[in-house]
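Chemist: Input structure: run01.tsv, which contains TSV, C-alpha atoms.
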chain	number	residue	atom	x	y	z
A	1329	MET	CA	83.52	103.75	82.54
A	1330	TYR	CA	81.74	101.06	84.51
A	1331	LEU	CA	81.34	101.55	88.25
A	1332	VAL	CA	82.01	98.58	90.50
A	1333	SER	CA	81.77	97.82	94.19
A	1334	LEU	CA	84.31	95.52	95.82
A	1335	VAL	CA	84.24	94.30	99.43
A	1336	TYR	CA	87.09	92.38	101.00
A	1337	ALA	CA	88.27	91.19	104.38
A	1338	SER	CA	91.83	90.82	105.58
A	1339	THR	CA	93.82	90.30	108.76
A	1340	ARG	CA	96.54	92.62	109.98
A	1341	ALA	CA	100.02	91.27	109.40
A	1342	ASP	CA	102.03	89.73	112.24
A	1343	ASP	CA	104.60	92.53	112.03
A	1344	TRP	CA	101.89	95.21	112.35
A	1345	GLU	CA	102.94	98.46	113.96
A	1346	ASP	CA	100.56	100.81	115.77
A	1347	ASN	CA	101.03	103.65	113.27
A	1348	ASP	CA	100.27	101.41	110.26
A	1349	ILE	CA	96.55	102.22	110.38
A	1350	TYR	CA	97.29	105.95	110.16
A	1351	GLN	CA	99.61	105.37	107.21
A	1352	ILE	CA	96.97	103.27	105.45
A	1353	LEU	CA	94.29	105.93	105.99
A	1354	SER	CA	96.52	108.80	104.92
A	1355	GLU	CA	97.77	107.03	101.78
A	1356	SER	CA	94.30	105.74	100.91
A	1357	GLY	CA	92.63	109.12	101.16
A	1358	LYS	CA	95.15	110.75	98.83
A	1359	ASN	CA	95.45	107.89	96.34
A	1360	ASN	CA	91.71	107.21	96.22
A	1361	ALA	CA	90.98	110.86	95.48
A	1362	LYS	CA	93.39	110.74	92.53
A	1363	SER	CA	91.75	107.55	91.22
A	1364	SER	CA	88.14	108.64	91.91
A	1365	ILE	CA	87.68	105.76	94.35
A	1366	THR	CA	85.31	106.07	97.28
A	1367	GLY	CA	84.66	103.72	100.14
A	1368	SER	CA	84.85	102.81	103.77
A	1369	LEU	CA	87.22	100.89	106.02
A	1370	CYS	CA	86.31	99.16	109.28
A	1371	PHE	CA	89.17	97.94	111.48
A	1372	ASN	CA	89.13	96.41	114.95
A	1373	GLY	CA	92.85	95.98	115.51
A	1374	ASP	CA	92.86	92.51	113.93
A	1375	TYR	CA	90.45	92.45	111.00
A	1376	PHE	CA	89.81	94.81	108.11
A	1377	LEU	CA	86.51	95.10	106.25
A	1378	GLN	CA	86.67	97.47	103.32
A	1379	CYS	CA	84.27	98.50	100.59
A	1380	LEU	CA	85.71	100.20	97.51
A	1381	GLU	CA	83.77	101.88	94.69
A	1382	GLY	CA	84.90	103.37	91.45
A	1383	GLY	CA	85.88	102.57	87.91
A	1384	ARG	CA	86.49	98.88	87.29
A	1385	THR	CA	90.16	99.25	86.35
A	1386	ALA	CA	91.02	101.56	89.26
A	1387	VAL	CA	89.26	99.37	91.85
A	1388	ASN	CA	90.82	96.17	90.48
A	1389	GLU	CA	94.30	97.73	90.53
A	1390	LEU	CA	93.81	98.92	94.10
A	1391	TYR	CA	92.63	95.46	95.21
A	1392	ARG	CA	95.77	93.96	93.64
A	1393	ARG	CA	97.94	96.43	95.59
A	1394	ILE	CA	96.13	95.59	98.84
A	1395	HIS	CA	96.69	91.90	98.14
A	1396	ASN	CA	100.43	92.62	97.88
A	1397	ASP	CA	100.58	95.03	100.85
A	1398	ARG	CA	102.75	93.66	103.68
A	1399	ARG	CA	100.31	95.04	106.25
A	1400	HIS	CA	97.51	92.70	105.13
A	1401	ARG	CA	97.31	88.93	105.14
A	1402	ASP	CA	94.59	86.45	104.26
A	1403	VAL	CA	92.93	88.91	101.88
A	1404	ILE	CA	89.64	87.46	100.69
A	1405	LEU	CA	87.12	88.88	98.23
A	1406	LEU	CA	83.64	88.91	99.78
A	1407	HIS	CA	81.64	90.77	97.14
A	1408	TYR	CA	82.15	92.25	93.68
A	1409	SER	CA	79.51	93.72	91.41
A	1410	GLU	CA	78.80	96.40	88.86
A	1411	ILE	CA	76.79	99.27	90.34
A	1412	THR	CA	74.77	102.12	88.91
A	1413	GLN	CA	75.59	104.57	91.70
A	1414	ARG	CA	77.94	104.91	94.64
A	1415	SER	CA	77.01	104.45	98.28
A	1416	PHE	CA	80.09	106.26	99.63
A	1417	GLU	CA	80.32	109.21	97.25
A	1418	GLN	CA	81.04	111.59	100.13
A	1419	TRP	CA	84.19	109.80	101.27
A	1420	HIS	CA	87.39	108.81	99.53
A	1421	MET	CA	88.10	106.75	102.62
A	1422	LEU	CA	85.63	106.76	105.48
A	1423	TYR	CA	87.20	105.18	108.55
A	1424	VAL	CA	84.93	103.38	111.01
A	1425	PRO	CA	86.84	102.09	114.05
A	1426	GLU	CA	85.42	99.18	116.02
A	1427	SER	CA	84.33	101.57	118.77
A	1428	ARG	CA	81.72	102.96	116.34
A	1429	ILE	CA	80.21	99.55	115.57
A	1430	SER	CA	77.61	98.21	117.99
A	1431	GLU	CA	77.15	94.55	118.85
A	1432	SER	CA	73.57	94.76	117.58
A	1433	GLN	CA	74.80	95.97	114.17
A	1434	ILE	CA	77.31	93.13	113.95
A	1435	LEU	CA	74.72	90.58	115.07
A	1436	ARG	CA	72.26	91.89	112.47
A	1437	TYR	CA	74.72	91.05	109.67
A	1438	SER	CA	76.51	87.98	111.06
A	1439	GLY	CA	75.96	85.02	113.34
A	1440	GLN	CA	77.95	86.48	116.23
A	1441	LYS	CA	78.42	89.67	118.25
A	1442	GLN	CA	82.17	90.01	117.62
A	1443	PHE	CA	83.41	91.83	114.54
A	1444	ASN	CA	84.87	89.21	112.20
A	1445	PRO	CA	84.22	89.90	108.50
A	1446	TYR	CA	85.33	86.37	107.57
A	1447	GLN	CA	82.13	85.18	109.24
A	1448	MET	CA	79.91	87.37	107.04
A	1449	SER	CA	78.46	86.87	103.60
A	1450	GLY	CA	79.46	89.36	100.94
A	1451	ALA	CA	75.98	90.86	100.84
A	1452	SER	CA	75.90	91.22	104.64
A	1453	ALA	CA	79.36	92.81	104.71
A	1454	LEU	CA	78.30	95.33	102.06
A	1455	GLN	CA	75.10	96.18	103.95
A	1456	LEU	CA	77.03	96.69	107.20
A	1457	CYS	CA	79.45	99.05	105.44
A	1458	ARG	CA	76.54	101.00	103.98
A	1459	GLU	CA	74.78	101.26	107.34
A	1460	LEU	CA	77.94	102.44	109.07
A	1461	ALA	CA	78.36	105.20	106.49
A	1462	PHE	CA	75.21	106.83	107.79
A	1463	ILE	CA	76.07	107.08	111.48
A	1464	ALA	CA	76.06	110.56	112.96
A	1465	PRO	CA	78.56	112.84	111.15
A	1466	GLU	CA	80.42	113.65	114.38
A	1467	GLU	CA	81.19	109.92	114.73
A	1468	GLN	CA	82.76	109.63	111.27
A	1469	SER	CA	86.27	110.39	110.24
A	1470	GLU	CA	88.13	110.64	106.99
A	1471	LEU	CA	91.86	111.07	106.81
Show me this structure written as structure tokens.
Modeler:
Amino acid sequence: MYLVSLVYASTRADDWEDNDIYQILSESGKNNAKSSITGSLCFNGDYFLQCLEGGRTAVNELYRRIHNDRRHRDVILLHYSEITQRSFEQWHMLYVPESRISESQILRYSGQKQFNPYQMSGASALQLCRELAFIAPEEQSEL
């Protein structure tokens, strides 16, 4: 089985409800564990930035489901590549809320201080996700 890494950005749907993020995290953690998918999700209330890792078929199927999920719109693929090892092997779904992302981190990987993954290259988005995975353990959460 080939391992792949996929990074995408999306915008929350217009009919977004406050508890949708908790549903996404709960469902993702369970489903990703079953499919041996690992990764991280950054969300600021408007934009999603997610990195997924796992077997090619499982990751591709999950990306298709996300594309069809009513809670996401304007889903865009930022990065896709085969990998030799995972960066997020400890987390089936690491959640990084905007409050855990500093302006300096965002500025390091994009041309602005505000979190907007559509304004990042795929390589920059992947590097930001990797950096955020190594913040202090008490600042991380997985549902």
Chemist: Would you pick out the contacts of stretch 1424-1426 of chain A at 6 Å or less, using only C-alpha atoms, so that residues sharing its chain but fewer than 2 positions from it are not included, and give the list as an mmCIF file with C-alpha atoms, in the coordinates of the input?
Modeler:
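Result written to selection-v2.cif:
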data_model
loop_
_atom_site.group_PDB
_atom_site.id
_atom_site.type_symbol
_atom_site.label_atom_id
_atom_site.label_comp_id
_atom_site.auth_asym_id
_atom_site.auth_seq_id
_atom_site.Cartn_x
_atom_site.Cartn_y
_atom_site.Cartn_z
ATOM 1 C CA CYS A 1370 86.310 99.160 109.280
ATOM 2 C CA PHE A 1371 89.170 97.940 111.480
ATOM 3 C CA ASN A 1372 89.130 96.410 114.950
ATOM 4 C CA ARG A 1428 81.720 102.960 116.340
ATOM 5 C CA ILE A 1429 80.210 99.550 115.570
#
Chemist: Under the rule that only C-alpha atoms are counted, which of A:Gly1373, A:Pro1445, A:Gly1439, A:Gly1382 is the nearest residue to A:Asn1347?
Modeler: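 Ranked by minimum distance to A:Asn1347, first place goes to A:Gly1373.
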Chemist: Which residues come within 12 Å of A:Leu1390, counting all atoms listed in the file, excluding same-chain residues fewer than 6 positions away, as an MDAnalysis selection string?
Modeler: chainID A and resid 1334:1336 1355:1356 1359:1360 1362:1367 1378:1384 1396:1397
Chemist: Using only C-alpha atoms, which of A:Ala1341, A:Leu1353, A:Ala1361, A:Ala1451 sits nearest A:Ser1409?
Modeler: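 Residue with the minimum atom-to-atom distance to A:Ser1409: A:Ala1451.
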Chemist: Between A:Arg1398, A:Ser1368, A:Tyr1350, A:Ser1427, single out the one closest to A:Gln1442, counting only C-alpha atoms.
Modeler: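 Closest candidate: A:Ser1427.
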Chemist: Near A:Leu1456, within 9 Å and counting only C-alpha atoms, which residues show up once chain neighbours fewer than 6 positions away are dropped, as a VMD selection string?
Modeler: chain A and resid 1433 to 1434 1436 to 1437
Chemist: Find the residue from A:Leu1369, A:Leu1435, A:Val1387, A:Leu1406 that sits nearest to A:Arg1458; use all atoms listed in the file when measuring.
Modeler: A:Leu1369
Chemist: Kindly give the distance, in Å, that separates atom CA of A:Tyr1330 and atom CA of A:Val1403, rounded to a single decimal.
Modeler: 24.0 Å
Chemist: Please measure the separation of atom CA of A:Cys1457 and atom CA of A:Arg1401, giving the value in Å to one decimal.
Modeler: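 Going from atom CA of A:Cys1457 over to atom CA of A:Arg1401 covers 20.5 Å.
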Chemist: Name the closest residue to A:Ser1452 among the candidates A:His1420, A:His1407, A:Arg1414, A:Lys1358; distances are taken between atoms, counting only C-alpha atoms.
Modeler: A:His1407
Chemist: Can you work out the spacing between atom CA of A:Gln1455 and atom CA of A:Asp1348 in Å, to one decimal?
Modeler: 26.5 Å
Chemist: Which residues are close to A:Ile1411, i.e. within 7 Å by all atoms listed in the file, leaving aside same-chain residues fewer than 2 positions away? Reply as a PyMOL selection string.
Modeler: chain A and resi 1331-1333+1409+1413
Chemist: For a quick check of understanding, using only C-alpha atoms, which of A:Glu1431, A:Arg1393, A:Arg1399, A:Ala1461 has the smallest distance to A:Gln1351?
Modeler: A:Arg1399
Chemist: Give me, as a list in words, all polymer residues having an atom no more than 10 Å from A:Asp1374, counting all atoms listed in the file and skipping those fewer than 2 positions away in the same chain.
Modeler: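 Listing them by chain and then by number gives Ser1338, Thr1339, Arg1340, Ala1341, Asp1342, Trp1344, Phe1371, Asn1372, Phe1376, His1400, Phe1443 and Asn1444 of chain A.
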